[in-house]
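So this one's upload_16.txt, compact mmCIF, N, CA and C atoms and all ligand atoms:
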```txt
# COMPACT_ATOMS: atom_id res chain seq x y z
N MET Q 1 -53.89 42.89 -3.14
CA MET Q 1 -54.00 41.69 -2.31
C MET Q 1 -54.69 40.55 -3.06
N LYS Q 2 -55.84 40.90 -3.71
CA LYS Q 2 -56.58 39.88 -4.46
C LYS Q 2 -55.70 39.26 -5.54
N LYS Q 3 -54.91 40.16 -6.18
CA LYS Q 3 -54.04 39.67 -7.25
C LYS Q 3 -53.04 38.65 -6.72
N ILE Q 4 -52.49 38.96 -5.56
CA ILE Q 4 -51.50 38.04 -4.96
C ILE Q 4 -52.14 36.69 -4.65
N ILE Q 5 -53.33 36.73 -4.09
CA ILE Q 5 -54.03 35.47 -3.76
C ILE Q 5 -54.30 34.69 -5.04
N LEU Q 6 -54.72 35.40 -6.09
CA LEU Q 6 -54.99 34.74 -7.36
C LEU Q 6 -53.72 34.09 -7.91
N ILE Q 7 -52.61 34.83 -7.86
CA ILE Q 7 -51.34 34.28 -8.36
C ILE Q 7 -50.94 33.05 -7.55
N LEU Q 8 -51.08 33.14 -6.21
CA LEU Q 8 -50.74 31.99 -5.36
C LEU Q 8 -51.61 30.78 -5.69
N LEU Q 9 -52.91 31.04 -5.92
CA LEU Q 9 -53.81 29.94 -6.26
C LEU Q 9 -53.40 29.28 -7.58
N LEU Q 10 -53.07 30.14 -8.56
CA LEU Q 10 -52.66 29.61 -9.86
C LEU Q 10 -51.38 28.77 -9.73
N LEU Q 11 -50.42 29.29 -8.95
CA LEU Q 11 -49.17 28.55 -8.75
C LEU Q 11 -49.42 27.21 -8.09
N ALA Q 12 -50.25 27.25 -7.02
CA ALA Q 12 -50.53 26.03 -6.28
C ALA Q 12 -51.22 25.02 -7.18
N SER Q 13 -52.11 25.47 -8.03
CA SER Q 13 -52.85 24.51 -8.86
C SER Q 13 -51.91 23.83 -9.86
N THR Q 14 -50.91 24.56 -10.35
CA THR Q 14 -50.00 23.88 -11.28
C THR Q 14 -49.08 22.92 -10.52
N LEU Q 15 -48.70 23.32 -9.30
CA LEU Q 15 -47.81 22.44 -8.54
C LEU Q 15 -48.51 21.17 -8.07
N LEU Q 16 -49.79 21.30 -7.76
CA LEU Q 16 -50.51 20.15 -7.21
C LEU Q 16 -51.23 19.33 -8.27
N GLY Q 17 -51.18 19.80 -9.51
CA GLY Q 17 -51.91 19.10 -10.57
C GLY Q 17 -51.42 17.67 -10.76
N ASP Q 18 -52.34 16.73 -10.90
CA ASP Q 18 -51.96 15.33 -11.17
C ASP Q 18 -51.81 15.11 -12.65
N TYR Q 19 -50.88 14.25 -13.03
CA TYR Q 19 -50.75 13.87 -14.43
C TYR Q 19 -51.39 12.51 -14.58
N GLU Q 20 -52.47 12.47 -15.33
CA GLU Q 20 -53.29 11.26 -15.34
C GLU Q 20 -52.87 10.24 -16.39
N LYS Q 21 -52.23 10.69 -17.47
CA LYS Q 21 -51.96 9.76 -18.57
C LYS Q 21 -50.89 8.72 -18.21
N ASP Q 22 -51.01 7.54 -18.79
CA ASP Q 22 -49.97 6.52 -18.61
C ASP Q 22 -48.73 6.91 -19.40
N VAL Q 23 -47.60 6.83 -18.77
CA VAL Q 23 -46.35 7.11 -19.48
C VAL Q 23 -45.60 5.80 -19.62
N LYS Q 24 -45.32 5.42 -20.84
CA LYS Q 24 -44.59 4.15 -21.04
C LYS Q 24 -43.16 4.47 -21.48
N ILE Q 25 -42.21 4.07 -20.68
CA ILE Q 25 -40.81 4.29 -21.04
C ILE Q 25 -40.28 3.00 -21.65
N PRO Q 26 -39.76 3.07 -22.88
CA PRO Q 26 -39.30 1.83 -23.50
C PRO Q 26 -38.10 1.26 -22.75
N SER Q 27 -38.09 -0.05 -22.62
CA SER Q 27 -36.96 -0.68 -21.96
C SER Q 27 -36.08 -1.32 -23.03
N VAL Q 28 -34.84 -0.89 -23.10
CA VAL Q 28 -33.94 -1.41 -24.13
C VAL Q 28 -32.85 -2.20 -23.44
N THR Q 29 -32.69 -3.45 -23.83
CA THR Q 29 -31.61 -4.24 -23.23
C THR Q 29 -30.55 -4.52 -24.28
N PHE Q 30 -29.35 -4.67 -23.85
CA PHE Q 30 -28.24 -4.92 -24.76
C PHE Q 30 -27.55 -6.22 -24.33
N PRO Q 31 -28.09 -7.35 -24.76
CA PRO Q 31 -27.52 -8.62 -24.31
C PRO Q 31 -26.14 -8.86 -24.91
N MET Q 32 -25.20 -9.32 -24.10
CA MET Q 32 -23.85 -9.59 -24.58
C MET Q 32 -23.55 -11.07 -24.48
N ALA Q 33 -22.56 -11.50 -25.25
CA ALA Q 33 -22.16 -12.91 -25.27
C ALA Q 33 -21.84 -13.39 -23.85
N GLN Q 34 -22.33 -14.59 -23.53
CA GLN Q 34 -22.13 -15.13 -22.18
C GLN Q 34 -21.02 -16.18 -22.19
N ASP Q 35 -19.96 -15.92 -21.46
CA ASP Q 35 -18.98 -16.96 -21.16
C ASP Q 35 -18.36 -16.60 -19.81
N GLU Q 36 -17.34 -17.35 -19.40
CA GLU Q 36 -16.81 -17.10 -18.05
C GLU Q 36 -16.15 -15.72 -17.94
N ASN Q 37 -15.74 -15.14 -19.07
CA ASN Q 37 -15.08 -13.83 -19.01
C ASN Q 37 -16.06 -12.65 -18.98
N PHE Q 38 -17.34 -12.95 -19.19
CA PHE Q 38 -18.35 -11.90 -19.13
C PHE Q 38 -18.36 -11.24 -17.74
N LYS Q 39 -17.94 -12.02 -16.74
CA LYS Q 39 -17.88 -11.46 -15.38
C LYS Q 39 -17.00 -10.22 -15.31
N ALA Q 40 -15.93 -10.22 -16.12
CA ALA Q 40 -15.02 -9.05 -16.12
C ALA Q 40 -15.73 -7.82 -16.68
N ILE Q 41 -16.62 -8.04 -17.64
CA ILE Q 41 -17.43 -6.93 -18.18
C ILE Q 41 -18.37 -6.44 -17.08
N GLN Q 42 -19.00 -7.40 -16.40
CA GLN Q 42 -19.93 -7.01 -15.32
C GLN Q 42 -19.20 -6.23 -14.23
N ARG Q 43 -17.99 -6.69 -13.89
CA ARG Q 43 -17.21 -6.02 -12.84
C ARG Q 43 -16.83 -4.60 -13.24
N ASN Q 44 -16.49 -4.40 -14.51
CA ASN Q 44 -15.82 -3.16 -14.91
C ASN Q 44 -16.61 -2.22 -15.80
N CYS Q 45 -17.59 -2.75 -16.53
CA CYS Q 45 -18.11 -1.95 -17.64
C CYS Q 45 -19.57 -1.57 -17.54
N GLN Q 46 -20.23 -1.84 -16.43
CA GLN Q 46 -21.66 -1.54 -16.48
C GLN Q 46 -22.12 -0.57 -15.41
N TRP Q 47 -21.21 0.04 -14.72
CA TRP Q 47 -21.69 0.98 -13.70
C TRP Q 47 -21.61 2.43 -14.14
N CYS Q 48 -21.11 2.72 -15.34
CA CYS Q 48 -21.19 4.11 -15.84
C CYS Q 48 -22.16 4.22 -17.01
N HIS Q 49 -22.23 3.20 -17.85
CA HIS Q 49 -23.13 3.26 -19.01
C HIS Q 49 -23.56 1.85 -19.38
N SER Q 50 -24.58 1.78 -20.25
CA SER Q 50 -25.12 0.47 -20.62
C SER Q 50 -24.17 -0.23 -21.59
N HIS Q 51 -24.44 -1.50 -21.81
CA HIS Q 51 -23.66 -2.26 -22.79
C HIS Q 51 -23.88 -1.74 -24.21
N GLY Q 52 -24.91 -0.91 -24.38
CA GLY Q 52 -25.16 -0.32 -25.69
C GLY Q 52 -23.95 0.44 -26.21
N TYR Q 53 -23.23 1.09 -25.31
CA TYR Q 53 -22.04 1.84 -25.73
C TYR Q 53 -21.03 0.91 -26.39
N ILE Q 54 -20.97 -0.31 -25.90
CA ILE Q 54 -20.02 -1.29 -26.45
C ILE Q 54 -20.58 -1.86 -27.76
N LEU Q 55 -21.83 -2.35 -27.70
CA LEU Q 55 -22.41 -3.04 -28.86
C LEU Q 55 -22.59 -2.11 -30.05
N ASN Q 56 -22.87 -0.84 -29.78
CA ASN Q 56 -23.09 0.09 -30.89
C ASN Q 56 -21.83 0.40 -31.69
N GLN Q 57 -20.68 -0.03 -31.22
CA GLN Q 57 -19.44 0.22 -31.97
C GLN Q 57 -19.31 -0.71 -33.18
N GLY Q 58 -20.09 -1.80 -33.17
CA GLY Q 58 -19.96 -2.77 -34.26
C GLY Q 58 -18.70 -3.60 -34.10
N LYS Q 59 -18.36 -4.36 -35.15
CA LYS Q 59 -17.17 -5.23 -35.11
C LYS Q 59 -15.92 -4.37 -35.26
N GLN Q 60 -14.98 -4.57 -34.36
CA GLN Q 60 -13.78 -3.71 -34.37
C GLN Q 60 -12.51 -4.54 -34.19
N SER Q 61 -11.36 -3.88 -34.41
CA SER Q 61 -10.07 -4.57 -34.27
C SER Q 61 -9.70 -4.75 -32.80
N ARG Q 62 -8.72 -5.63 -32.58
CA ARG Q 62 -8.24 -5.84 -31.21
C ARG Q 62 -7.72 -4.51 -30.63
N GLU Q 63 -6.97 -3.76 -31.48
CA GLU Q 63 -6.40 -2.50 -31.00
C GLU Q 63 -7.49 -1.50 -30.62
N PHE Q 64 -8.58 -1.47 -31.40
CA PHE Q 64 -9.70 -0.58 -31.06
C PHE Q 64 -10.24 -0.89 -29.67
N TRP Q 65 -10.45 -2.20 -29.42
CA TRP Q 65 -11.03 -2.58 -28.13
C TRP Q 65 -10.06 -2.33 -26.99
N ARG Q 66 -8.76 -2.64 -27.26
CA ARG Q 66 -7.76 -2.39 -26.21
C ARG Q 66 -7.74 -0.90 -25.87
N ALA Q 67 -7.70 -0.04 -26.91
CA ALA Q 67 -7.65 1.41 -26.70
C ALA Q 67 -8.92 1.90 -25.99
N SER Q 68 -10.07 1.29 -26.28
CA SER Q 68 -11.31 1.71 -25.61
C SER Q 68 -11.23 1.42 -24.11
N VAL Q 69 -10.74 0.22 -23.78
CA VAL Q 69 -10.64 -0.15 -22.36
C VAL Q 69 -9.65 0.78 -21.65
N VAL Q 70 -8.52 1.04 -22.30
CA VAL Q 70 -7.51 1.93 -21.72
C VAL Q 70 -8.07 3.34 -21.54
N LYS Q 71 -8.88 3.79 -22.54
CA LYS Q 71 -9.50 5.12 -22.44
C LYS Q 71 -10.43 5.19 -21.23
N MET Q 72 -11.22 4.13 -21.01
CA MET Q 72 -12.13 4.12 -19.86
C MET Q 72 -11.34 4.27 -18.57
N ARG Q 73 -10.16 3.64 -18.54
CA ARG Q 73 -9.35 3.71 -17.32
C ARG Q 73 -8.63 5.07 -17.20
N ASP Q 74 -7.93 5.46 -18.27
CA ASP Q 74 -7.07 6.65 -18.16
C ASP Q 74 -7.85 7.96 -18.21
N VAL Q 75 -8.88 8.01 -19.05
CA VAL Q 75 -9.62 9.27 -19.20
C VAL Q 75 -10.77 9.36 -18.20
N TYR Q 76 -11.53 8.28 -18.08
CA TYR Q 76 -12.72 8.34 -17.23
C TYR Q 76 -12.49 7.75 -15.84
N LYS Q 77 -11.25 7.30 -15.59
CA LYS Q 77 -10.83 6.85 -14.24
C LYS Q 77 -11.53 5.59 -13.75
N ALA Q 78 -11.95 4.72 -14.66
CA ALA Q 78 -12.49 3.43 -14.23
C ALA Q 78 -11.32 2.61 -13.67
N PRO Q 79 -11.48 2.04 -12.49
CA PRO Q 79 -10.38 1.29 -11.87
C PRO Q 79 -10.24 -0.11 -12.46
N ILE Q 80 -9.71 -0.20 -13.67
CA ILE Q 80 -9.59 -1.49 -14.37
C ILE Q 80 -8.17 -2.01 -14.19
N THR Q 81 -8.03 -3.20 -13.65
CA THR Q 81 -6.68 -3.76 -13.44
C THR Q 81 -6.09 -4.19 -14.78
N GLN Q 82 -4.77 -4.36 -14.81
CA GLN Q 82 -4.07 -4.81 -16.03
C GLN Q 82 -4.61 -6.18 -16.46
N GLN Q 83 -4.86 -7.03 -15.45
CA GLN Q 83 -5.37 -8.37 -15.74
C GLN Q 83 -6.75 -8.29 -16.40
N ASP Q 84 -7.64 -7.47 -15.85
CA ASP Q 84 -8.97 -7.33 -16.44
C ASP Q 84 -8.90 -6.64 -17.80
N GLU Q 85 -7.95 -5.73 -17.97
CA GLU Q 85 -7.80 -5.07 -19.27
C GLU Q 85 -7.58 -6.12 -20.36
N LYS Q 86 -6.74 -7.10 -20.05
CA LYS Q 86 -6.45 -8.14 -21.04
C LYS Q 86 -7.67 -9.06 -21.25
N ILE Q 87 -8.28 -9.47 -20.15
CA ILE Q 87 -9.45 -10.36 -20.26
C ILE Q 87 -10.56 -9.68 -21.08
N ILE Q 88 -10.82 -8.41 -20.79
CA ILE Q 88 -11.90 -7.69 -21.48
C ILE Q 88 -11.57 -7.49 -22.96
N THR Q 89 -10.31 -7.11 -23.24
CA THR Q 89 -9.91 -6.91 -24.64
C THR Q 89 -10.08 -8.22 -25.42
N ASP Q 90 -9.61 -9.34 -24.84
CA ASP Q 90 -9.75 -10.64 -25.52
C ASP Q 90 -11.22 -10.99 -25.74
N TYR Q 91 -12.03 -10.77 -24.70
CA TYR Q 91 -13.46 -11.08 -24.79
C TYR Q 91 -14.12 -10.23 -25.89
N LEU Q 92 -13.84 -8.92 -25.88
CA LEU Q 92 -14.50 -8.04 -26.87
C LEU Q 92 -14.06 -8.39 -28.28
N PHE Q 93 -12.77 -8.71 -28.43
CA PHE Q 93 -12.28 -9.05 -29.77
C PHE Q 93 -12.84 -10.39 -30.24
N LYS Q 94 -13.00 -11.33 -29.30
CA LYS Q 94 -13.54 -12.65 -29.67
C LYS Q 94 -14.97 -12.54 -30.20
N TYR Q 95 -15.80 -11.78 -29.49
CA TYR Q 95 -17.22 -11.72 -29.86
C TYR Q 95 -17.60 -10.51 -30.72
N TYR Q 96 -16.82 -9.43 -30.60
CA TYR Q 96 -17.18 -8.20 -31.33
C TYR Q 96 -15.99 -7.70 -32.14
N GLY Q 97 -15.18 -8.66 -32.61
CA GLY Q 97 -13.98 -8.31 -33.37
C GLY Q 97 -14.20 -8.47 -34.86
N ASN Q 98 -13.30 -7.85 -35.63
CA ASN Q 98 -13.39 -7.93 -37.09
C ASN Q 98 -12.22 -8.74 -37.67
N ASN Q 99 -11.58 -9.55 -36.82
CA ASN Q 99 -10.45 -10.41 -37.20
C ASN Q 99 -9.18 -9.64 -37.50
N LYS Q 100 -9.17 -8.33 -37.32
CA LYS Q 100 -7.96 -7.56 -37.58
C LYS Q 100 -7.32 -7.16 -36.26
N GLU Q 101 -6.00 -7.33 -36.19
CA GLU Q 101 -5.30 -6.98 -34.95
C GLU Q 101 -5.23 -5.45 -34.78
N GLU Q 102 -4.89 -4.75 -35.88
CA GLU Q 102 -4.71 -3.28 -35.78
C GLU Q 102 -5.97 -2.53 -36.19
C1 LIG V 201 -15.90 5.45 -14.89
C2 LIG V 201 -17.01 5.35 -15.82
C3 LIG V 201 -16.88 4.37 -16.97
C4 LIG V 201 -16.64 3.02 -16.90
C5 LIG V 201 -16.47 2.15 -15.67
C6 LIG V 201 -16.63 2.55 -18.26
N1 LIG V 201 -16.88 3.58 -19.13
FE1 LIG V 201 -17.07 3.45 -21.14
N2 LIG V 201 -17.51 5.42 -21.24
C7 LIG V 201 -17.51 6.29 -20.16
C8 LIG V 201 -17.79 7.63 -20.64
C9 LIG V 201 -17.90 8.88 -19.78
C10 LIG V 201 -17.96 7.51 -22.04
C11 LIG V 201 -18.21 8.62 -23.03
C12 LIG V 201 -19.64 8.99 -23.02
C13 LIG V 201 -19.94 10.03 -24.07
O1 LIG V 201 -19.03 10.52 -24.74
O2 LIG V 201 -21.11 10.33 -24.20
C14 LIG V 201 -17.79 6.11 -22.38
C15 LIG V 201 -17.91 5.61 -23.65
C16 LIG V 201 -17.63 4.31 -24.01
C17 LIG V 201 -17.64 3.79 -25.37
C18 LIG V 201 -18.05 4.59 -26.61
C19 LIG V 201 -16.88 4.99 -27.43
C20 LIG V 201 -16.01 5.99 -26.75
O3 LIG V 201 -14.81 5.72 -26.72
O4 LIG V 201 -16.49 7.03 -26.25
C21 LIG V 201 -17.25 2.49 -25.31
C22 LIG V 201 -17.07 1.51 -26.47
C23 LIG V 201 -17.03 2.17 -23.91
N3 LIG V 201 -17.27 3.29 -23.14
C24 LIG V 201 -16.62 0.94 -23.45
C25 LIG V 201 -16.41 0.63 -22.13
C26 LIG V 201 -15.91 -0.65 -21.66
C27 LIG V 201 -15.54 -1.84 -22.55
C28 LIG V 201 -15.86 -0.57 -20.30
C29 LIG V 201 -15.34 -1.62 -19.34
C30 LIG V 201 -13.94 -1.95 -19.50
C31 LIG V 201 -16.31 0.78 -19.91
N4 LIG V 201 -16.62 1.46 -21.05
C32 LIG V 201 -16.39 1.23 -18.62
C33 LIG V 201 -17.31 5.98 -18.85
C34 LIG V 201 -17.04 4.72 -18.37
```
Would you kindly transcribe this structure into structure tokens?
Amino acid sequence: MKKIILILLLLASTLLGDYEKDVKIPSVTFPMAQDENFKAIQRNCQWCHSHGYILNQGKQSREFWRASVVKMRDVYKAPITQQDEKIITDYLFKYYGNNKEE
């Protein structure tokens, strides 16, 4: 019986223990180019992952960006319209493109 009480006390003390130290979580922002087409990125590209996924790809071809947008729609089921697919591809290629079509 004493053993059980001791075990319960030990369990309770770990469950109720306060963590006193300050925990600082770094905040990382990924600012993207601002123009009227950025709205399409906001509509379609920021509710599953951060813009870091986009910016970390570096400068890429138009085809790379088009295929990325299509992948988000076809593989991950993001509901991206054909119109937004074009707007987003043009936007990404304009600001994060390497001047190559393919
Ligand atoms: C429905 C959720 C969802 C939406 C919306 C979404 N993505 Fe993704 N995205 C993912 C997932 C899941 C991954 C893969 C994550 C992993 O592999 O760790 C990913 C990865 C990526 C990558 C990394 C390279 C790759 O192909 O894996 C890029 C670039 C990217 N997304 C761009 C976009 C863009 C641009 C948009 C807006 C058009 C967008 N995503 C919207 C789910 C989404």
Enclose the full set of atoms of ligand LIG 201 (chain V) listed in the file within a box whose edges lie along x, y and z, apply 5 Å of padding to each of the six sides, and report centre and edge lengths in Å to one decimal as AutoDock Vina command-line options.
```
--center_x -17.5 --center_y 4.3 --center_z -21.2 --size_x 17.2 --size_y 22.5 --size_z 22.5
```
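CA of Gly52 in chain Q is positioned 14.5 Å from CA of Pro26 in chain Q.
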Using all atoms listed in the file: which of Q:Asp90, Q:Gln46, Q:Ser61, Q:Tyr96 has the shortest distance to ligand LIG 201 (chain V):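 Of Q:Asp90, Q:Gln46, Q:Ser61, Q:Tyr96, the one nearest ligand LIG 201 (chain V) is Q:Gln46, counting all atoms listed in the file.
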Separation of atom C of Gln60 in chain Q from atom C22 of ligand LIG 201 (chain V) in Å: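 That distance, rounded to one decimal, is 10.8 Å.
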Closest contacts (chain Q/ligand LIG 201 (chain V), max 6.5 Å, only N, CA and C atoms and all ligand atoms) as CSV:
```
residue,atom,partner,partner_atom,distance
Q:Ile41,CA,V:LIG201,C29,5.8
Q:Asn44,C,V:LIG201,C29,3.8
Q:Cys45,CA,V:LIG201,C29,3.3
Q:Gln46,N,V:LIG201,C32,5.4
Q:Trp47,N,V:LIG201,C5,5.3
Q:Cys48,CA,V:LIG201,C2,4.4
Q:His49,N,V:LIG201,C34,5.4
Q:Tyr53,C,V:LIG201,C22,4.0
Q:Ile54,CA,V:LIG201,C22,4.1
Q:Leu55,N,V:LIG201,C22,6.3
Q:Gln57,CA,V:LIG201,C22,6.1
Q:Ser68,CA,V:LIG201,O3,5.4
Q:Val69,CA,V:LIG201,C30,4.7
Q:Met72,CA,V:LIG201,N1,4.8
Q:Tyr76,C,V:LIG201,C1,4.2
Q:Lys77,C,V:LIG201,C1,4.5
Q:Ala78,CA,V:LIG201,C1,4.0
Q:Pro79,N,V:LIG201,C5,5.9
Q:Ile88,CA,V:LIG201,C30,6.4
```
Residue list (helix (DSSP H, G or I), DSSP) for chain Q, as a VMD selection string: chain Q and resid 2 to 16 38 to 44 52 to 55 62 to 74 82 to 96
Atomic distance CA of Leu10 in chain Q - CA of Asp22 in chain Q, expressed in Å with one decimal: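 So the answer is 24.8 Å.
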Polymer residues at most 9 Å from Glu85 in chain Q, only C-alpha atoms, same-chain spacing of 6 or more positions, as number ranges by chain: Q: 40, 66, 69-70
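When only N, CA and C atoms are used to measure the gap to Asn37 in chain Q, the shortest distance among Q:Glu102, Q:Ile5, Q:Lys59, Q:Ile87 belongs to Q:Ile87.
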Completion step: range 51-61 of chain Q with all heavy atoms as a PDB file, in the coordinates of the input:
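Resulting contents of part.pdb:
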```pdb
ATOM      1  N   HIS Q  51     -24.440  -1.500 -21.810  1.00  0.00           N
ATOM      2  CA  HIS Q  51     -23.660  -2.260 -22.790  1.00  0.00           C
ATOM      3  C   HIS Q  51     -23.880  -1.740 -24.210  1.00  0.00           C
ATOM      4  O   HIS Q  51     -23.135  -2.091 -25.115  1.00  0.00           O
ATOM      5  CB  HIS Q  51     -24.031  -3.742 -22.731  1.00  0.00           C
ATOM      6  CG  HIS Q  51     -23.647  -4.384 -21.438  1.00  0.00           C
ATOM      7  ND1 HIS Q  51     -24.255  -5.516 -20.959  1.00  0.00           N
ATOM      8  CD2 HIS Q  51     -22.714  -4.038 -20.529  1.00  0.00           C
ATOM      9  CE1 HIS Q  51     -23.710  -5.845 -19.794  1.00  0.00           C
ATOM     10  NE2 HIS Q  51     -22.780  -4.970 -19.518  1.00  0.00           N
ATOM     11  N   GLY Q  52     -24.910  -0.910 -24.380  1.00  0.00           N
ATOM     12  CA  GLY Q  52     -25.160  -0.320 -25.690  1.00  0.00           C
ATOM     13  C   GLY Q  52     -23.950   0.440 -26.210  1.00  0.00           C
ATOM     14  O   GLY Q  52     -23.674   0.431 -27.405  1.00  0.00           O
ATOM     15  N   TYR Q  53     -23.230   1.090 -25.310  1.00  0.00           N
ATOM     16  CA  TYR Q  53     -22.040   1.840 -25.730  1.00  0.00           C
ATOM     17  C   TYR Q  53     -21.030   0.910 -26.390  1.00  0.00           C
ATOM     18  O   TYR Q  53     -20.306   1.316 -27.290  1.00  0.00           O
ATOM     19  CB  TYR Q  53     -21.377   2.522 -24.528  1.00  0.00           C
ATOM     20  CG  TYR Q  53     -21.978   3.844 -24.162  1.00  0.00           C
ATOM     21  CD1 TYR Q  53     -23.329   3.940 -23.862  1.00  0.00           C
ATOM     22  CD2 TYR Q  53     -21.211   4.993 -24.096  1.00  0.00           C
ATOM     23  CE1 TYR Q  53     -23.889   5.152 -23.518  1.00  0.00           C
ATOM     24  CE2 TYR Q  53     -21.767   6.212 -23.749  1.00  0.00           C
ATOM     25  CZ  TYR Q  53     -23.104   6.278 -23.462  1.00  0.00           C
ATOM     26  OH  TYR Q  53     -23.656   7.480 -23.126  1.00  0.00           O
ATOM     27  N   ILE Q  54     -20.970  -0.310 -25.900  1.00  0.00           N
ATOM     28  CA  ILE Q  54     -20.020  -1.290 -26.450  1.00  0.00           C
ATOM     29  C   ILE Q  54     -20.580  -1.860 -27.760  1.00  0.00           C
ATOM     30  O   ILE Q  54     -19.933  -1.815 -28.808  1.00  0.00           O
ATOM     31  CB  ILE Q  54     -19.768  -2.420 -25.432  1.00  0.00           C
ATOM     32  CG1 ILE Q  54     -19.148  -1.836 -24.149  1.00  0.00           C
ATOM     33  CG2 ILE Q  54     -18.881  -3.504 -26.046  1.00  0.00           C
ATOM     34  CD1 ILE Q  54     -19.028  -2.826 -23.001  1.00  0.00           C
ATOM     35  N   LEU Q  55     -21.830  -2.350 -27.700  1.00  0.00           N
ATOM     36  CA  LEU Q  55     -22.410  -3.040 -28.860  1.00  0.00           C
ATOM     37  C   LEU Q  55     -22.590  -2.110 -30.050  1.00  0.00           C
ATOM     38  O   LEU Q  55     -22.461  -2.529 -31.203  1.00  0.00           O
ATOM     39  CB  LEU Q  55     -23.744  -3.677 -28.472  1.00  0.00           C
ATOM     40  CG  LEU Q  55     -23.638  -4.754 -27.385  1.00  0.00           C
ATOM     41  CD1 LEU Q  55     -25.002  -5.317 -27.039  1.00  0.00           C
ATOM     42  CD2 LEU Q  55     -22.701  -5.875 -27.811  1.00  0.00           C
ATOM     43  N   ASN Q  56     -22.870  -0.840 -29.780  1.00  0.00           N
ATOM     44  CA  ASN Q  56     -23.090   0.090 -30.890  1.00  0.00           C
ATOM     45  C   ASN Q  56     -21.830   0.400 -31.690  1.00  0.00           C
ATOM     46  O   ASN Q  56     -21.914   1.044 -32.745  1.00  0.00           O
ATOM     47  CB  ASN Q  56     -23.711   1.394 -30.376  1.00  0.00           C
ATOM     48  CG  ASN Q  56     -25.156   1.200 -29.980  1.00  0.00           C
ATOM     49  OD1 ASN Q  56     -25.791   0.233 -30.387  1.00  0.00           O
ATOM     50  ND2 ASN Q  56     -25.688   2.105 -29.173  1.00  0.00           N
ATOM     51  N   GLN Q  57     -20.680  -0.030 -31.220  1.00  0.00           N
ATOM     52  CA  GLN Q  57     -19.440   0.220 -31.970  1.00  0.00           C
ATOM     53  C   GLN Q  57     -19.310  -0.710 -33.180  1.00  0.00           C
ATOM     54  O   GLN Q  57     -18.508  -0.474 -34.061  1.00  0.00           O
ATOM     55  CB  GLN Q  57     -18.197   0.029 -31.084  1.00  0.00           C
ATOM     56  CG  GLN Q  57     -18.190   0.848 -29.811  1.00  0.00           C
ATOM     57  CD  GLN Q  57     -18.364   2.328 -30.065  1.00  0.00           C
ATOM     58  OE1 GLN Q  57     -17.666   2.897 -30.895  1.00  0.00           O
ATOM     59  NE2 GLN Q  57     -19.295   2.947 -29.366  1.00  0.00           N
ATOM     60  N   GLY Q  58     -20.090  -1.800 -33.170  1.00  0.00           N
ATOM     61  CA  GLY Q  58     -19.960  -2.770 -34.260  1.00  0.00           C
ATOM     62  C   GLY Q  58     -18.700  -3.600 -34.100  1.00  0.00           C
ATOM     63  O   GLY Q  58     -18.056  -3.576 -33.055  1.00  0.00           O
ATOM     64  N   LYS Q  59     -18.360  -4.360 -35.150  1.00  0.00           N
ATOM     65  CA  LYS Q  59     -17.170  -5.230 -35.110  1.00  0.00           C
ATOM     66  C   LYS Q  59     -15.920  -4.370 -35.260  1.00  0.00           C
ATOM     67  O   LYS Q  59     -15.839  -3.559 -36.199  1.00  0.00           O
ATOM     68  CB  LYS Q  59     -17.231  -6.251 -36.241  1.00  0.00           C
ATOM     69  CG  LYS Q  59     -18.489  -7.111 -36.212  1.00  0.00           C
ATOM     70  CD  LYS Q  59     -18.245  -8.374 -35.442  1.00  0.00           C
ATOM     71  CE  LYS Q  59     -19.492  -9.246 -35.466  1.00  0.00           C
ATOM     72  NZ  LYS Q  59     -19.406 -10.386 -34.564  1.00  0.00           N
ATOM     73  N   GLN Q  60     -14.980  -4.570 -34.360  1.00  0.00           N
ATOM     74  CA  GLN Q  60     -13.780  -3.710 -34.370  1.00  0.00           C
ATOM     75  C   GLN Q  60     -12.510  -4.540 -34.190  1.00  0.00           C
ATOM     76  O   GLN Q  60     -12.566  -5.708 -33.812  1.00  0.00           O
ATOM     77  CB  GLN Q  60     -13.888  -2.669 -33.262  1.00  0.00           C
ATOM     78  CG  GLN Q  60     -15.026  -1.678 -33.430  1.00  0.00           C
ATOM     79  CD  GLN Q  60     -14.827  -0.722 -34.596  1.00  0.00           C
ATOM     80  OE1 GLN Q  60     -13.718  -0.573 -35.125  1.00  0.00           O
ATOM     81  NE2 GLN Q  60     -15.895  -0.060 -35.019  1.00  0.00           N
ATOM     82  N   SER Q  61     -11.360  -3.880 -34.410  1.00  0.00           N
ATOM     83  CA  SER Q  61     -10.070  -4.570 -34.270  1.00  0.00           C
ATOM     84  C   SER Q  61      -9.700  -4.750 -32.800  1.00  0.00           C
ATOM     85  O   SER Q  61     -10.259  -4.102 -31.916  1.00  0.00           O
ATOM     86  CB  SER Q  61      -8.979  -3.741 -34.953  1.00  0.00           C
ATOM     87  OG  SER Q  61      -8.763  -2.543 -34.223  1.00  0.00           O
TER      88      SER Q  61
END
```
